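These notes concern the structure reproduced below.
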Amino acid sequence: MGIDVNVTLQDLNCIRQDRGSDGSYPFIWPAVVSINTTNGKVNLVGSEFPSLARVILANGMKSGDTASIPLQVGLNGMRFDEDLSNFKLIAIVALLEKRDLSDDEILGGYLVFADALQTAIEENLGGLASSDPDVNQKAIDAINASVHQKVTDAIEARMTDAEKLAVKLGTFVPDTVIDTAHSVVSTDADWTFQLTFGNTPDNQSNFYTIDAAVQRKVVTCEAEQLAVNQDQVVLNELDAQVAELKKELARAPISEKKAIEQDILELVNTQVKPATAKLNRDKAALAACRAGSGVQEPSPSVAVG
């Protein structure tokens with residue numbers, strides 16, 4: 001039995017933004033990270049589909065505005081087949097603003113974001129696990145700096161020399177990171193939480209929040225259901241073969257009928273009956289699993305006639 005844990009980013013709320021009357025053009029790069037506390041293994045889920053590199057959540061977002069986050073961007077999740085208490089789950093979101101970068105240039109940064117984040121977390125596991133707030137914050141700062149540098153390098157690798165010069169002159173402004181936010185996700189039950197961006201001493205001009213929800217879903221009897229589905233496919237194919245042989249039998253001359261009848265009998269006895277028996281057993285196993293009991297063999301069928 002497994003458990004799916006899904007984190008859904010629902011709405012982006014703009015309390016304050018620094019673009020004045022023009023408003024902002026925000027987009028997000030989300031990720032969900034699990035850390036196995038028994039062995040330190042890090043796993044990260046985050047989309048790398050090129051089409052999601054810059055999904056603008058609102059055009060000209062003003063203070064007081066709210067924008068819904070599309071599911072293809074805001075939904076990320078993981079399946080756990082082990083004890084959930086052995087994992088620390090973290091929702092991480094980078095909130096960015098569209099400026100002058102081309103689609104290809106921002107894509108360069110997007111494509112390295114997930115790997116850069118996972119690597120940085122792995123390199124700072126000790127600090128993240130520390131109970132000392134200062135040590136923990138230093139680890140977070142190191143992760144942010146490492147990811148930011150790798151993303152920036154990837155973007156600049158796709159920029160032209162003229163654009164790089166324009167950046168220095170102030171006539172070309174790359175897309176900017178408004179802020180990054182994270183939250184340790186409780187896996188005890190379904191719940192809601194909020195991520196905060198900006199509203200810090202060095203970033204007072206921006207203040208955004210994202211409303212988010214965590215949902216758990218127990219995945220029961222998946223293997224048993226798969227076995228039944230596969231059995232049914234096999235049996236359907238065998239039934240089709242028998243049907244074709246029966247059509248052939250109906251058209252065949254008397255001299256060939258006996259041989260075809262033997263083929264049908266052999267197919268039924270050697271393949272159809274065993275396949276049917278396996279399907280019945282697997283159906284019983286599925287029913288038993290759903291009932292929360294052990295696998296039981298089906299009762300023998302009784303022919304009536």
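Residues in the structure tokens are numbered from 1 in each chain, the chains being A, B, ... in the order shown, and ligands are numbered from 1 in the order shown.
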
Among the residues of range 167-281 of chain A, find those DSSP assigns to strand (DSSP E or B) from the backbone and print them as JSON, numbers by chain.
{"A": [176, 177, 178, 179, 180, 181, 182, 183, 184, 185, 191, 192, 193, 194, 195, 196, 197, 198, 207, 208, 209, 210, 211, 212, 213, 214, 215, 216, 217, 218, 219]}

Within range 8-130 of chain A, find each residue whose DSSP state, derived from the backbone, is alpha helix (DSSP H), and express the selection as a PDB file with C-alpha atoms, in the first residue's frame.
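Okay, states-v6.pdb is ready:
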ATOM      1  CA  LEU A  71      -2.959  23.024 -11.929  1.00  0.00           C
ATOM      2  CA  GLN A  72      -0.321  22.186 -14.527  1.00  0.00           C
ATOM      3  CA  VAL A  73       1.960  24.620 -12.703  1.00  0.00           C
ATOM      4  CA  GLY A  74       0.760  24.400  -9.127  1.00  0.00           C
ATOM      5  CA  ASP A 103      11.497  32.640 -23.865  1.00  0.00           C
ATOM      6  CA  ASP A 104      14.656  30.764 -24.816  1.00  0.00           C
ATOM      7  CA  GLU A 105      16.776  32.612 -22.258  1.00  0.00           C
ATOM      8  CA  ILE A 106      14.435  32.038 -19.330  1.00  0.00           C
ATOM      9  CA  LEU A 107      14.079  28.412 -20.404  1.00  0.00           C
ATOM     10  CA  GLY A 108      17.825  27.990 -19.943  1.00  0.00           C
ATOM     11  CA  GLY A 109      17.495  28.863 -16.259  1.00  0.00           C
ATOM     12  CA  TYR A 110      14.333  26.833 -15.790  1.00  0.00           C
ATOM     13  CA  LEU A 111      15.922  23.660 -17.121  1.00  0.00           C
ATOM     14  CA  VAL A 112      18.720  23.719 -14.542  1.00  0.00           C
ATOM     15  CA  PHE A 113      16.579  24.864 -11.587  1.00  0.00           C
ATOM     16  CA  ALA A 114      15.427  21.450 -10.316  1.00  0.00           C
ATOM     17  CA  ASP A 115      18.844  19.764 -10.510  1.00  0.00           C
ATOM     18  CA  ALA A 116      20.564  22.805  -9.002  1.00  0.00           C
ATOM     19  CA  LEU A 117      18.094  22.815  -6.119  1.00  0.00           C
ATOM     20  CA  GLN A 118      18.456  19.103  -5.390  1.00  0.00           C
ATOM     21  CA  THR A 119      22.263  19.302  -5.490  1.00  0.00           C
ATOM     22  CA  ALA A 120      22.342  22.328  -3.202  1.00  0.00           C
ATOM     23  CA  ILE A 121      20.049  20.623  -0.687  1.00  0.00           C
ATOM     24  CA  GLU A 122      22.201  17.492  -0.699  1.00  0.00           C
ATOM     25  CA  GLU A 123      25.281  19.622  -0.058  1.00  0.00           C
ATOM     26  CA  LEU A 125      21.745  18.535   4.599  1.00  0.00           C
ATOM     27  CA  GLY A 126      23.640  18.936   7.852  1.00  0.00           C
ATOM     28  CA  GLY A 127      22.691  22.584   8.185  1.00  0.00           C
ATOM     29  CA  LEU A 128      19.080  21.939   7.252  1.00  0.00           C
ATOM     30  CA  ALA A 129      18.838  19.271   9.942  1.00  0.00           C
TER      31      ALA A 129
END

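Near range 204-212 of chain A, within a cut-off of 7 Å and counting only C-alpha atoms, sit the residues Thr8, Leu9, Gln10, Asp11, Leu12, Asn13, Cys14, Ile15, Arg16, Gln17, Asp18, Thr192, Phe193, Gln194, Leu195, Thr196, Phe197, Gly198, Asn199 and Thr200 of chain A, with same-chain residues fewer than 4 positions away left out.
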
Taking N, CA, C and O atoms for each residue, export the selection above as a PDB file, in the first residue's frame.
ATOM      1  N   THR A   8      -0.731  21.364  -3.668  1.00  0.00           N
ATOM      2  CA  THR A   8      -1.373  22.195  -4.687  1.00  0.00           C
ATOM      3  C   THR A   8      -1.247  23.665  -4.316  1.00  0.00           C
ATOM      4  O   THR A   8      -1.726  24.089  -3.259  1.00  0.00           O
ATOM      5  N   LEU A   9      -0.587  24.425  -5.167  1.00  0.00           N
ATOM      6  CA  LEU A   9      -0.512  25.883  -5.003  1.00  0.00           C
ATOM      7  C   LEU A   9      -1.754  26.457  -5.668  1.00  0.00           C
ATOM      8  O   LEU A   9      -1.959  26.287  -6.869  1.00  0.00           O
ATOM      9  N   GLN A  10      -2.587  27.136  -4.904  1.00  0.00           N
ATOM     10  CA  GLN A  10      -3.920  27.496  -5.380  1.00  0.00           C
ATOM     11  C   GLN A  10      -4.033  28.926  -5.909  1.00  0.00           C
ATOM     12  O   GLN A  10      -4.513  29.146  -7.015  1.00  0.00           O
ATOM     13  N   ASP A  11      -3.635  29.899  -5.099  1.00  0.00           N
ATOM     14  CA  ASP A  11      -3.804  31.306  -5.466  1.00  0.00           C
ATOM     15  C   ASP A  11      -2.575  32.123  -5.097  1.00  0.00           C
ATOM     16  O   ASP A  11      -1.958  31.895  -4.050  1.00  0.00           O
ATOM     17  N   LEU A  12      -2.242  33.075  -5.965  1.00  0.00           N
ATOM     18  CA  LEU A  12      -1.196  34.050  -5.676  1.00  0.00           C
ATOM     19  C   LEU A  12      -1.873  35.363  -5.290  1.00  0.00           C
ATOM     20  O   LEU A  12      -2.695  35.889  -6.042  1.00  0.00           O
ATOM     21  N   ASN A  13      -1.515  35.881  -4.128  1.00  0.00           N
ATOM     22  CA  ASN A  13      -2.101  37.127  -3.631  1.00  0.00           C
ATOM     23  C   ASN A  13      -1.031  38.207  -3.598  1.00  0.00           C
ATOM     24  O   ASN A  13       0.044  38.014  -3.031  1.00  0.00           O
ATOM     25  N   CYS A  14      -1.325  39.334  -4.217  1.00  0.00           N
ATOM     26  CA  CYS A  14      -0.389  40.456  -4.220  1.00  0.00           C
ATOM     27  C   CYS A  14      -0.847  41.480  -3.183  1.00  0.00           C
ATOM     28  O   CYS A  14      -1.883  42.122  -3.352  1.00  0.00           O
ATOM     29  N   ILE A  15      -0.081  41.623  -2.117  1.00  0.00           N
ATOM     30  CA  ILE A  15      -0.374  42.633  -1.112  1.00  0.00           C
ATOM     31  C   ILE A  15       0.318  43.946  -1.469  1.00  0.00           C
ATOM     32  O   ILE A  15      -0.236  45.027  -1.299  1.00  0.00           O
ATOM     33  N   ARG A  16       1.545  43.792  -2.009  1.00  0.00           N
ATOM     34  CA  ARG A  16       2.326  44.970  -2.375  1.00  0.00           C
ATOM     35  C   ARG A  16       3.311  44.584  -3.467  1.00  0.00           C
ATOM     36  O   ARG A  16       3.903  43.514  -3.419  1.00  0.00           O
ATOM     37  N   GLN A  17       3.489  45.457  -4.472  1.00  0.00           N
ATOM     38  CA  GLN A  17       4.430  45.169  -5.552  1.00  0.00           C
ATOM     39  C   GLN A  17       5.166  46.450  -5.949  1.00  0.00           C
ATOM     40  O   GLN A  17       4.666  47.553  -5.707  1.00  0.00           O
ATOM     41  N   ASP A  18       6.336  46.256  -6.532  1.00  0.00           N
ATOM     42  CA  ASP A  18       7.218  47.416  -6.771  1.00  0.00           C
ATOM     43  C   ASP A  18       7.189  47.941  -8.199  1.00  0.00           C
ATOM     44  O   ASP A  18       8.067  48.709  -8.594  1.00  0.00           O
ATOM     45  N   THR A 192      -3.993  23.007   5.042  1.00  0.00           N
ATOM     46  CA  THR A 192      -3.677  24.144   4.187  1.00  0.00           C
ATOM     47  C   THR A 192      -2.576  24.965   4.844  1.00  0.00           C
ATOM     48  O   THR A 192      -2.413  24.953   6.069  1.00  0.00           O
ATOM     49  N   PHE A 193      -1.824  25.685   4.007  1.00  0.00           N
ATOM     50  CA  PHE A 193      -0.769  26.543   4.527  1.00  0.00           C
ATOM     51  C   PHE A 193      -0.555  27.700   3.566  1.00  0.00           C
ATOM     52  O   PHE A 193      -1.156  27.749   2.486  1.00  0.00           O
ATOM     53  N   GLN A 194       0.294  28.627   3.946  1.00  0.00           N
ATOM     54  CA  GLN A 194       0.541  29.810   3.117  1.00  0.00           C
ATOM     55  C   GLN A 194       2.038  30.084   3.043  1.00  0.00           C
ATOM     56  O   GLN A 194       2.752  29.992   4.039  1.00  0.00           O
ATOM     57  N   LEU A 195       2.498  30.423   1.852  1.00  0.00           N
ATOM     58  CA  LEU A 195       3.885  30.808   1.619  1.00  0.00           C
ATOM     59  C   LEU A 195       3.944  32.330   1.490  1.00  0.00           C
ATOM     60  O   LEU A 195       3.075  32.933   0.865  1.00  0.00           O
ATOM     61  N   THR A 196       4.989  32.931   2.055  1.00  0.00           N
ATOM     62  CA  THR A 196       5.135  34.384   2.028  1.00  0.00           C
ATOM     63  C   THR A 196       6.396  34.777   1.265  1.00  0.00           C
ATOM     64  O   THR A 196       7.460  34.190   1.470  1.00  0.00           O
ATOM     65  N   PHE A 197       6.243  35.774   0.408  1.00  0.00           N
ATOM     66  CA  PHE A 197       7.354  36.266  -0.406  1.00  0.00           C
ATOM     67  C   PHE A 197       7.546  37.756  -0.136  1.00  0.00           C
ATOM     68  O   PHE A 197       6.582  38.525  -0.142  1.00  0.00           O
ATOM     69  N   GLY A 198       8.788  38.167   0.067  1.00  0.00           N
ATOM     70  CA  GLY A 198       9.060  39.571   0.338  1.00  0.00           C
ATOM     71  C   GLY A 198       8.653  39.949   1.745  1.00  0.00           C
ATOM     72  O   GLY A 198       8.634  39.118   2.663  1.00  0.00           O
ATOM     73  N   ASN A 199       8.325  41.252   1.921  1.00  0.00           N
ATOM     74  CA  ASN A 199       7.920  41.778   3.223  1.00  0.00           C
ATOM     75  C   ASN A 199       9.015  41.569   4.268  1.00  0.00           C
ATOM     76  O   ASN A 199       8.733  41.286   5.436  1.00  0.00           O
ATOM     77  N   THR A 200      10.266  41.696   3.826  1.00  0.00           N
ATOM     78  CA  THR A 200      11.419  41.597   4.713  1.00  0.00           C
ATOM     79  C   THR A 200      12.142  42.944   4.705  1.00  0.00           C
ATOM     80  O   THR A 200      11.908  43.779   3.814  1.00  0.00           O
TER      81      THR A 200
END

Range 24-93 of chain A residues near range 138-151 of chain A within 12 Å, closest pair each, using only C-alpha atoms, as CSV:
residue,atom,partner,partner_atom,distance
A:Trp29,CA,A:Val151,CA,11.8
A:Ile92,CA,A:Asn144,CA,10.9
A:Val93,CA,A:Asn144,CA,11.3

Measuring atom to atom with only C-alpha atoms, identify which of A:Ser63, A:Asn43, A:Thr37, A:Gln241 is nearest to Met78 in chain A.
A:Asn43

State, in Å with one decimal place, the distance from CA of Phe27 in chain A to CA of Lys98 in chain A.
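Computing it gives 7.3 Å between the two atoms.
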
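Computed from the coordinates, the CA of Ile69 in chain A to CA of Val55 in chain A distance equals 9.3 Å.
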
Which is closest to Ile28 in chain A among A:Asp134, A:Asp202, A:Glu156, A:Asp175, if we use only C-alpha atoms?
A:Asp175

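Nearest-residue note for Asn86 in chain A: choosing from A:Ile264, A:Ser68, A:Ile35, A:Ala53, the minimum distance belongs to A:Ile35, counting only C-alpha atoms.
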
Residues near Gly2 in chain A, cut-off 9 Å, only C-alpha atoms, skip fewer than 2 positions along chain, as a compact mmCIF listing (two decimals) with N, CA, C and O atoms, in the first residue's frame:
# COMPACT_ATOMS: atom_id res chain seq x y z
N ASP A 4 -0.07 8.69 -1.76
CA ASP A 4 0.24 9.85 -2.59
C ASP A 4 0.07 11.10 -1.74
O ASP A 4 -0.97 11.29 -1.09
N ARG A 79 4.71 9.79 -4.41
CA ARG A 79 4.16 8.57 -3.83
C ARG A 79 5.18 7.97 -2.87
O ARG A 79 6.36 7.86 -3.17
N PHE A 80 4.68 7.57 -1.70
CA PHE A 80 5.54 6.97 -0.69
C PHE A 80 5.07 5.55 -0.42
O PHE A 80 3.91 5.32 -0.09
N ASP A 81 5.99 4.61 -0.59
CA ASP A 81 5.69 3.21 -0.29
C ASP A 81 6.26 2.79 1.05
O ASP A 81 6.08 1.66 1.49
N GLU A 82 6.98 3.70 1.70
CA GLU A 82 7.54 3.44 3.02
C GLU A 82 6.82 4.28 4.06
O GLU A 82 5.97 5.10 3.74
N LYS A 217 -3.60 10.68 -0.23
CA LYS A 217 -4.50 9.67 -0.78
C LYS A 217 -3.84 8.31 -0.65
O LYS A 217 -2.74 8.09 -1.17
N VAL A 218 -4.51 7.42 0.06
CA VAL A 218 -3.99 6.07 0.23
C VAL A 218 -4.25 5.28 -1.05
O VAL A 218 -5.38 5.24 -1.55
N VAL A 219 -3.19 4.71 -1.59
CA VAL A 219 -3.30 3.91 -2.81
C VAL A 219 -3.39 2.45 -2.38
O VAL A 219 -2.41 1.84 -1.95
N THR A 220 -4.59 1.88 -2.47
CA THR A 220 -4.81 0.52 -2.00
C THR A 220 -4.95 -0.46 -3.16
O THR A 220 -5.53 -0.15 -4.19
N GLU A 222 -3.20 -1.64 -5.49
CA GLU A 222 -2.79 -1.27 -6.84
C GLU A 222 -2.25 -2.48 -7.61
O GLU A 222 -2.59 -2.69 -8.77

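With only C-alpha atoms as the atoms that count, the residue of A:Ala181, A:Cys221, A:Ala162, A:Ala227 with the shortest distance to Leu95 in chain A is A:Ala181.
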
Which of A:Pro201, A:Pro30, A:Pro174, A:Pro274 sits closest to Leu235 in chain A [using only C-alpha atoms]
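Distance minimum relative to Leu235 in chain A lands on A:Pro274.
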
Taking only C-alpha atoms into account, name the residue in A:Asp239, A:Glu256, A:Glu248, A:Glu224 that is nearest to Arg281 in chain A.
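That would be A:Glu224, the residue with the smallest distance to Arg281 in chain A.
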
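Between CA of Cys289 in chain A and CA of Glu237 in chain A there is a distance of 26.8 Å.
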